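Everything below belongs to coords07.cif, which stores mmCIF, N, CA and C atoms.
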```
data_entry
#
loop_
_atom_site.label_atom_id
_atom_site.label_comp_id
_atom_site.auth_asym_id
_atom_site.auth_seq_id
_atom_site.Cartn_x
_atom_site.Cartn_y
_atom_site.Cartn_z
N MET N 15 -63.23 31.25 -86.16
CA MET N 15 -64.15 30.32 -85.51
C MET N 15 -63.32 29.25 -84.79
N GLU N 16 -63.70 28.94 -83.59
CA GLU N 16 -62.98 27.94 -82.81
C GLU N 16 -63.35 26.53 -83.26
N LEU N 17 -62.44 25.59 -82.98
CA LEU N 17 -62.70 24.21 -83.36
C LEU N 17 -63.89 23.63 -82.60
N SER N 18 -64.08 24.05 -81.36
CA SER N 18 -65.22 23.54 -80.60
C SER N 18 -66.54 24.01 -81.22
N ALA N 19 -66.55 25.22 -81.79
CA ALA N 19 -67.74 25.70 -82.48
C ALA N 19 -67.97 24.89 -83.75
N LEU N 20 -66.90 24.54 -84.44
CA LEU N 20 -67.04 23.68 -85.61
C LEU N 20 -67.56 22.30 -85.22
N ALA N 21 -67.07 21.79 -84.10
CA ALA N 21 -67.52 20.49 -83.63
C ALA N 21 -69.00 20.51 -83.29
N ALA N 22 -69.46 21.61 -82.71
CA ALA N 22 -70.87 21.71 -82.35
C ALA N 22 -71.75 21.87 -83.59
N ALA N 23 -71.23 22.52 -84.63
CA ALA N 23 -72.02 22.76 -85.83
C ALA N 23 -72.04 21.57 -86.77
N TYR N 24 -71.08 20.67 -86.64
CA TYR N 24 -70.96 19.54 -87.56
C TYR N 24 -71.85 18.41 -87.09
N ASN N 25 -72.77 17.96 -87.97
CA ASN N 25 -73.72 16.91 -87.58
C ASN N 25 -73.49 15.58 -88.27
N GLY N 26 -72.75 15.55 -89.35
CA GLY N 26 -72.54 14.31 -90.10
C GLY N 26 -71.27 13.61 -89.70
N THR N 27 -71.03 12.51 -90.37
CA THR N 27 -69.78 11.78 -90.16
C THR N 27 -69.07 11.67 -91.49
N VAL N 28 -67.76 11.69 -91.45
CA VAL N 28 -66.96 11.56 -92.66
C VAL N 28 -66.23 10.23 -92.58
N PRO N 29 -66.43 9.36 -93.55
CA PRO N 29 -65.71 8.09 -93.53
C PRO N 29 -64.22 8.31 -93.78
N ALA N 30 -63.42 7.34 -93.41
CA ALA N 30 -61.97 7.47 -93.52
C ALA N 30 -61.49 7.33 -94.95
N ALA N 31 -62.23 6.66 -95.81
CA ALA N 31 -61.77 6.38 -97.17
C ALA N 31 -61.44 7.64 -97.97
N PRO N 32 -62.26 8.70 -97.95
CA PRO N 32 -61.89 9.90 -98.72
C PRO N 32 -60.61 10.55 -98.20
N VAL N 33 -60.43 10.56 -96.90
CA VAL N 33 -59.23 11.16 -96.34
C VAL N 33 -58.00 10.34 -96.74
N LEU N 34 -58.11 9.03 -96.70
CA LEU N 34 -57.00 8.17 -97.12
C LEU N 34 -56.72 8.33 -98.61
N ALA N 35 -57.76 8.54 -99.40
CA ALA N 35 -57.57 8.75 -100.84
C ALA N 35 -56.84 10.06 -101.10
N ILE N 36 -57.17 11.11 -100.35
CA ILE N 36 -56.47 12.38 -100.50
C ILE N 36 -55.01 12.22 -100.09
N MET N 37 -54.76 11.47 -99.01
CA MET N 37 -53.38 11.21 -98.59
C MET N 37 -52.61 10.47 -99.69
N ALA N 38 -53.23 9.45 -100.25
CA ALA N 38 -52.57 8.69 -101.31
C ALA N 38 -52.30 9.57 -102.53
N ALA N 39 -53.24 10.44 -102.86
CA ALA N 39 -53.04 11.35 -103.99
C ALA N 39 -51.86 12.28 -103.73
N GLY N 40 -51.74 12.76 -102.51
CA GLY N 40 -50.61 13.62 -102.17
C GLY N 40 -49.28 12.90 -102.31
N VAL N 41 -49.23 11.65 -101.89
CA VAL N 41 -48.00 10.87 -102.02
C VAL N 41 -47.68 10.65 -103.49
N VAL N 42 -48.68 10.32 -104.29
CA VAL N 42 -48.47 10.08 -105.73
C VAL N 42 -47.97 11.35 -106.41
N VAL N 43 -48.58 12.48 -106.10
CA VAL N 43 -48.15 13.75 -106.69
C VAL N 43 -46.71 14.05 -106.30
N ALA N 44 -46.36 13.85 -105.03
CA ALA N 44 -44.99 14.10 -104.58
C ALA N 44 -43.99 13.17 -105.26
N VAL N 45 -44.35 11.91 -105.43
CA VAL N 45 -43.46 10.96 -106.10
C VAL N 45 -43.25 11.38 -107.55
N PHE N 46 -44.33 11.74 -108.24
CA PHE N 46 -44.18 12.21 -109.61
C PHE N 46 -43.35 13.49 -109.67
N GLY N 47 -43.46 14.34 -108.68
CA GLY N 47 -42.62 15.53 -108.62
C GLY N 47 -41.15 15.18 -108.50
N HIS N 48 -40.86 14.14 -107.73
CA HIS N 48 -39.47 13.69 -107.63
C HIS N 48 -39.00 13.11 -108.97
N ILE N 49 -39.87 12.35 -109.62
CA ILE N 49 -39.49 11.75 -110.90
C ILE N 49 -39.23 12.84 -111.94
N TRP N 50 -40.08 13.87 -111.97
CA TRP N 50 -39.93 14.97 -112.93
C TRP N 50 -38.91 16.01 -112.47
N LYS N 51 -38.37 15.83 -111.26
CA LYS N 51 -37.42 16.77 -110.67
C LYS N 51 -37.99 18.19 -110.60
N SER N 52 -39.26 18.26 -110.21
CA SER N 52 -39.94 19.54 -110.05
C SER N 52 -40.26 19.73 -108.57
N TYR N 53 -39.54 20.65 -107.96
CA TYR N 53 -39.73 20.87 -106.53
C TYR N 53 -41.09 21.48 -106.22
N ARG N 54 -41.65 22.19 -107.17
CA ARG N 54 -43.00 22.76 -106.95
C ARG N 54 -44.04 21.65 -106.88
N VAL N 55 -43.93 20.66 -107.74
CA VAL N 55 -44.88 19.55 -107.72
C VAL N 55 -44.70 18.74 -106.44
N VAL N 56 -43.45 18.56 -106.01
CA VAL N 56 -43.19 17.86 -104.74
C VAL N 56 -43.85 18.64 -103.60
N ALA N 57 -43.69 19.95 -103.61
CA ALA N 57 -44.28 20.79 -102.55
C ALA N 57 -45.80 20.70 -102.55
N VAL N 58 -46.40 20.68 -103.74
CA VAL N 58 -47.86 20.55 -103.82
C VAL N 58 -48.30 19.19 -103.26
N GLY N 59 -47.58 18.13 -103.61
CA GLY N 59 -47.92 16.80 -103.09
C GLY N 59 -47.81 16.73 -101.58
N ILE N 60 -46.76 17.32 -101.03
CA ILE N 60 -46.60 17.32 -99.57
C ILE N 60 -47.67 18.18 -98.92
N ALA N 61 -48.03 19.30 -99.57
CA ALA N 61 -49.11 20.14 -99.03
C ALA N 61 -50.44 19.39 -99.01
N ILE N 62 -50.71 18.63 -100.06
CA ILE N 62 -51.93 17.82 -100.11
C ILE N 62 -51.91 16.79 -98.97
N LEU N 63 -50.77 16.19 -98.76
CA LEU N 63 -50.63 15.19 -97.70
C LEU N 63 -50.88 15.82 -96.32
N PHE N 64 -50.31 16.99 -96.07
CA PHE N 64 -50.53 17.67 -94.80
C PHE N 64 -51.98 18.13 -94.65
N LEU N 65 -52.60 18.56 -95.73
CA LEU N 65 -54.01 18.95 -95.68
C LEU N 65 -54.88 17.76 -95.29
N ALA N 66 -54.62 16.60 -95.89
CA ALA N 66 -55.39 15.41 -95.55
C ALA N 66 -55.17 15.01 -94.10
N THR N 67 -53.94 15.15 -93.63
CA THR N 67 -53.66 14.84 -92.22
C THR N 67 -54.41 15.78 -91.30
N ALA N 68 -54.45 17.07 -91.66
CA ALA N 68 -55.19 18.04 -90.86
C ALA N 68 -56.68 17.71 -90.86
N LEU N 69 -57.21 17.32 -92.02
CA LEU N 69 -58.63 16.93 -92.08
C LEU N 69 -58.91 15.72 -91.20
N MET N 70 -57.98 14.76 -91.18
CA MET N 70 -58.16 13.58 -90.35
C MET N 70 -58.17 13.97 -88.87
N LEU N 71 -57.26 14.85 -88.47
CA LEU N 71 -57.21 15.28 -87.07
C LEU N 71 -58.45 16.08 -86.68
N ILE N 72 -58.91 16.94 -87.57
CA ILE N 72 -60.13 17.70 -87.27
C ILE N 72 -61.32 16.76 -87.16
N GLY N 73 -61.40 15.77 -88.05
CA GLY N 73 -62.48 14.79 -87.96
C GLY N 73 -62.44 14.00 -86.66
N ALA N 74 -61.24 13.64 -86.21
CA ALA N 74 -61.11 12.94 -84.93
C ALA N 74 -61.51 13.84 -83.78
N PHE N 75 -61.13 15.09 -83.85
CA PHE N 75 -61.49 16.06 -82.80
C PHE N 75 -63.01 16.20 -82.71
N VAL N 76 -63.64 16.34 -83.88
CA VAL N 76 -65.10 16.49 -83.92
C VAL N 76 -65.78 15.24 -83.37
N ALA N 77 -65.31 14.07 -83.79
CA ALA N 77 -65.91 12.82 -83.31
C ALA N 77 -65.73 12.67 -81.81
N PHE N 78 -64.57 13.07 -81.29
CA PHE N 78 -64.32 12.98 -79.86
C PHE N 78 -65.27 13.88 -79.08
N HIS N 79 -65.46 15.09 -79.55
CA HIS N 79 -66.32 16.03 -78.82
C HIS N 79 -67.80 15.75 -79.01
N ARG N 80 -68.15 14.94 -79.98
CA ARG N 80 -69.55 14.53 -80.13
C ARG N 80 -69.85 13.30 -79.30
N GLY N 81 -68.83 12.70 -78.70
CA GLY N 81 -69.03 11.54 -77.86
C GLY N 81 -69.29 10.27 -78.63
N GLU N 82 -68.83 10.20 -79.86
CA GLU N 82 -69.05 8.99 -80.65
C GLU N 82 -68.25 7.83 -80.09
N LYS N 83 -68.82 6.66 -80.18
CA LYS N 83 -68.17 5.44 -79.74
C LYS N 83 -67.60 4.70 -80.94
N ASP N 84 -66.66 3.83 -80.68
CA ASP N 84 -66.09 2.99 -81.73
C ASP N 84 -67.16 2.00 -82.18
N PRO N 85 -67.48 1.94 -83.48
CA PRO N 85 -68.56 1.06 -83.93
C PRO N 85 -68.17 -0.42 -83.92
N ARG N 86 -66.90 -0.71 -83.78
CA ARG N 86 -66.47 -2.11 -83.78
C ARG N 86 -66.83 -2.75 -82.43
N PRO N 87 -67.18 -4.02 -82.43
CA PRO N 87 -67.47 -4.69 -81.16
C PRO N 87 -66.19 -4.83 -80.32
N ALA N 88 -66.35 -4.69 -79.03
CA ALA N 88 -65.21 -4.82 -78.12
C ALA N 88 -64.77 -6.28 -78.05
N PRO N 89 -63.46 -6.53 -78.06
CA PRO N 89 -63.00 -7.92 -77.98
C PRO N 89 -63.21 -8.48 -76.58
N ASP N 90 -63.37 -9.79 -76.53
CA ASP N 90 -63.49 -10.49 -75.26
C ASP N 90 -62.08 -10.78 -74.76
N PHE N 91 -61.59 -9.96 -73.84
CA PHE N 91 -60.20 -10.06 -73.40
C PHE N 91 -59.92 -11.37 -72.64
N VAL N 92 -60.92 -11.92 -72.00
CA VAL N 92 -60.72 -13.16 -71.26
C VAL N 92 -60.37 -14.29 -72.23
N SER N 93 -61.08 -14.35 -73.36
CA SER N 93 -60.80 -15.42 -74.33
C SER N 93 -59.45 -15.20 -75.03
N LEU N 94 -58.97 -13.95 -75.05
CA LEU N 94 -57.66 -13.68 -75.65
C LEU N 94 -56.54 -14.13 -74.74
N VAL N 95 -56.75 -14.07 -73.42
CA VAL N 95 -55.70 -14.42 -72.45
C VAL N 95 -55.71 -15.90 -72.13
N LEU N 96 -56.90 -16.43 -71.89
CA LEU N 96 -57.03 -17.83 -71.50
C LEU N 96 -57.37 -18.69 -72.72
N PRO N 97 -56.68 -19.80 -72.90
CA PRO N 97 -56.99 -20.66 -74.06
C PRO N 97 -58.28 -21.41 -73.91
#
```
Produce structure tokens that represent the structure in this file.
Amino acid sequence: MELSALAAAYNGTVPAAPVLAIMAAGVVVAVFGHIWKSYRVVAVGIAILFLATALMLIGAFVAFHRGEKDPRPAPDFVSLVLP
């Protein structure tokens, strides 16, 4: 299945917090793997980290193709430049 088909089929939004939590878990697992000197545990932690990164990129791709806008208000650039 192509990513554009996934983008068309996906109707919800995924907040960033779960993806960041998965990334943090991957880093923690990898660090514990280094502490225990277990290369398999390090590899699992890095794999988790890469999986979370892939999920973040896919989520950004889906949001881009759905035409979503940034929910934050745009800054007033004139007030930033002129005192």
For the structure shown, which residues end up in the PyMOL selection byres (((chain N and resi 59 and name CA) around 12) and name CA)? Put them as a PDB file with N, CA and C atoms, keeping the file's coordinate frame, please?
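What landed in expr-v4.pdb:
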```
ATOM      1  N   ILE N  36     -57.170  11.110-100.350  1.00  0.00           N
ATOM      2  CA  ILE N  36     -56.470  12.380-100.500  1.00  0.00           C
ATOM      3  C   ILE N  36     -55.010  12.220-100.090  1.00  0.00           C
ATOM      4  N   MET N  37     -54.760  11.470 -99.010  1.00  0.00           N
ATOM      5  CA  MET N  37     -53.380  11.210 -98.590  1.00  0.00           C
ATOM      6  C   MET N  37     -52.610  10.470 -99.690  1.00  0.00           C
ATOM      7  N   ALA N  38     -53.230   9.450-100.250  1.00  0.00           N
ATOM      8  CA  ALA N  38     -52.570   8.690-101.310  1.00  0.00           C
ATOM      9  C   ALA N  38     -52.300   9.570-102.530  1.00  0.00           C
ATOM     10  N   ALA N  39     -53.240  10.440-102.860  1.00  0.00           N
ATOM     11  CA  ALA N  39     -53.040  11.350-103.990  1.00  0.00           C
ATOM     12  C   ALA N  39     -51.860  12.280-103.730  1.00  0.00           C
ATOM     13  N   GLY N  40     -51.740  12.760-102.510  1.00  0.00           N
ATOM     14  CA  GLY N  40     -50.610  13.620-102.170  1.00  0.00           C
ATOM     15  C   GLY N  40     -49.280  12.900-102.310  1.00  0.00           C
ATOM     16  N   VAL N  41     -49.230  11.650-101.890  1.00  0.00           N
ATOM     17  CA  VAL N  41     -48.000  10.870-102.020  1.00  0.00           C
ATOM     18  C   VAL N  41     -47.680  10.650-103.490  1.00  0.00           C
ATOM     19  N   VAL N  42     -48.680  10.320-104.290  1.00  0.00           N
ATOM     20  CA  VAL N  42     -48.470  10.080-105.730  1.00  0.00           C
ATOM     21  C   VAL N  42     -47.970  11.350-106.410  1.00  0.00           C
ATOM     22  N   VAL N  43     -48.580  12.480-106.100  1.00  0.00           N
ATOM     23  CA  VAL N  43     -48.150  13.750-106.690  1.00  0.00           C
ATOM     24  C   VAL N  43     -46.710  14.050-106.300  1.00  0.00           C
ATOM     25  N   ALA N  44     -46.360  13.850-105.030  1.00  0.00           N
ATOM     26  CA  ALA N  44     -44.990  14.100-104.580  1.00  0.00           C
ATOM     27  C   ALA N  44     -43.990  13.170-105.260  1.00  0.00           C
ATOM     28  N   VAL N  45     -44.350  11.910-105.430  1.00  0.00           N
ATOM     29  CA  VAL N  45     -43.460  10.960-106.100  1.00  0.00           C
ATOM     30  C   VAL N  45     -43.250  11.380-107.550  1.00  0.00           C
ATOM     31  N   PHE N  46     -44.330  11.740-108.240  1.00  0.00           N
ATOM     32  CA  PHE N  46     -44.180  12.210-109.610  1.00  0.00           C
ATOM     33  C   PHE N  46     -43.350  13.490-109.670  1.00  0.00           C
ATOM     34  N   GLY N  47     -43.460  14.340-108.680  1.00  0.00           N
ATOM     35  CA  GLY N  47     -42.620  15.530-108.620  1.00  0.00           C
ATOM     36  C   GLY N  47     -41.150  15.180-108.500  1.00  0.00           C
ATOM     37  N   HIS N  48     -40.860  14.140-107.730  1.00  0.00           N
ATOM     38  CA  HIS N  48     -39.470  13.690-107.630  1.00  0.00           C
ATOM     39  C   HIS N  48     -39.000  13.110-108.970  1.00  0.00           C
ATOM     40  N   SER N  52     -39.260  18.260-110.210  1.00  0.00           N
ATOM     41  CA  SER N  52     -39.940  19.540-110.050  1.00  0.00           C
ATOM     42  C   SER N  52     -40.260  19.730-108.570  1.00  0.00           C
ATOM     43  N   TYR N  53     -39.540  20.650-107.960  1.00  0.00           N
ATOM     44  CA  TYR N  53     -39.730  20.870-106.530  1.00  0.00           C
ATOM     45  C   TYR N  53     -41.090  21.480-106.220  1.00  0.00           C
ATOM     46  N   ARG N  54     -41.650  22.190-107.170  1.00  0.00           N
ATOM     47  CA  ARG N  54     -43.000  22.760-106.950  1.00  0.00           C
ATOM     48  C   ARG N  54     -44.040  21.650-106.880  1.00  0.00           C
ATOM     49  N   VAL N  55     -43.930  20.660-107.740  1.00  0.00           N
ATOM     50  CA  VAL N  55     -44.880  19.550-107.720  1.00  0.00           C
ATOM     51  C   VAL N  55     -44.700  18.740-106.440  1.00  0.00           C
ATOM     52  N   VAL N  56     -43.450  18.560-106.010  1.00  0.00           N
ATOM     53  CA  VAL N  56     -43.190  17.860-104.740  1.00  0.00           C
ATOM     54  C   VAL N  56     -43.850  18.640-103.600  1.00  0.00           C
ATOM     55  N   ALA N  57     -43.690  19.950-103.610  1.00  0.00           N
ATOM     56  CA  ALA N  57     -44.280  20.790-102.550  1.00  0.00           C
ATOM     57  C   ALA N  57     -45.800  20.700-102.550  1.00  0.00           C
ATOM     58  N   VAL N  58     -46.400  20.680-103.740  1.00  0.00           N
ATOM     59  CA  VAL N  58     -47.860  20.550-103.820  1.00  0.00           C
ATOM     60  C   VAL N  58     -48.300  19.190-103.260  1.00  0.00           C
ATOM     61  N   ILE N  60     -46.760  17.320-101.030  1.00  0.00           N
ATOM     62  CA  ILE N  60     -46.600  17.320 -99.570  1.00  0.00           C
ATOM     63  C   ILE N  60     -47.670  18.180 -98.920  1.00  0.00           C
ATOM     64  N   ALA N  61     -48.030  19.300 -99.570  1.00  0.00           N
ATOM     65  CA  ALA N  61     -49.110  20.140 -99.030  1.00  0.00           C
ATOM     66  C   ALA N  61     -50.440  19.390 -99.010  1.00  0.00           C
ATOM     67  N   ILE N  62     -50.710  18.630-100.060  1.00  0.00           N
ATOM     68  CA  ILE N  62     -51.930  17.820-100.110  1.00  0.00           C
ATOM     69  C   ILE N  62     -51.910  16.790 -98.970  1.00  0.00           C
ATOM     70  N   LEU N  63     -50.770  16.190 -98.760  1.00  0.00           N
ATOM     71  CA  LEU N  63     -50.630  15.190 -97.700  1.00  0.00           C
ATOM     72  C   LEU N  63     -50.880  15.820 -96.320  1.00  0.00           C
ATOM     73  N   PHE N  64     -50.310  16.990 -96.070  1.00  0.00           N
ATOM     74  CA  PHE N  64     -50.530  17.670 -94.800  1.00  0.00           C
ATOM     75  C   PHE N  64     -51.980  18.130 -94.650  1.00  0.00           C
ATOM     76  N   LEU N  65     -52.600  18.560 -95.730  1.00  0.00           N
ATOM     77  CA  LEU N  65     -54.010  18.950 -95.680  1.00  0.00           C
ATOM     78  C   LEU N  65     -54.880  17.760 -95.290  1.00  0.00           C
ATOM     79  N   ALA N  66     -54.620  16.600 -95.890  1.00  0.00           N
ATOM     80  CA  ALA N  66     -55.390  15.410 -95.550  1.00  0.00           C
ATOM     81  C   ALA N  66     -55.170  15.010 -94.100  1.00  0.00           C
TER      82      ALA N  66
END
```
Among the residues N:Ala88, N:Ala30, N:Ile49, N:Lys83, the one that comes closest to Met70 in chain N [using only N, CA and C atoms]: N:Ala30
What does the distance from atom C of Pro29 in chain N to atom C of His79 in chain N come to in Å, to one decimal? 16.9 Å
Out of range 27-85 of chain N, which residues get helix (DSSP H, G or I) from DSSP, as a PyMOL selection string? chain N and resi 30-50+53-79
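One distance worth recording is that between atom N of Leu34 in chain N and atom N of Thr67 in chain N, which is 8.0 Å.
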Tell me, in Å to one decimal, how far CA of Gly73 in chain N is from CA of Arg86 in chain N. 17.9 Å
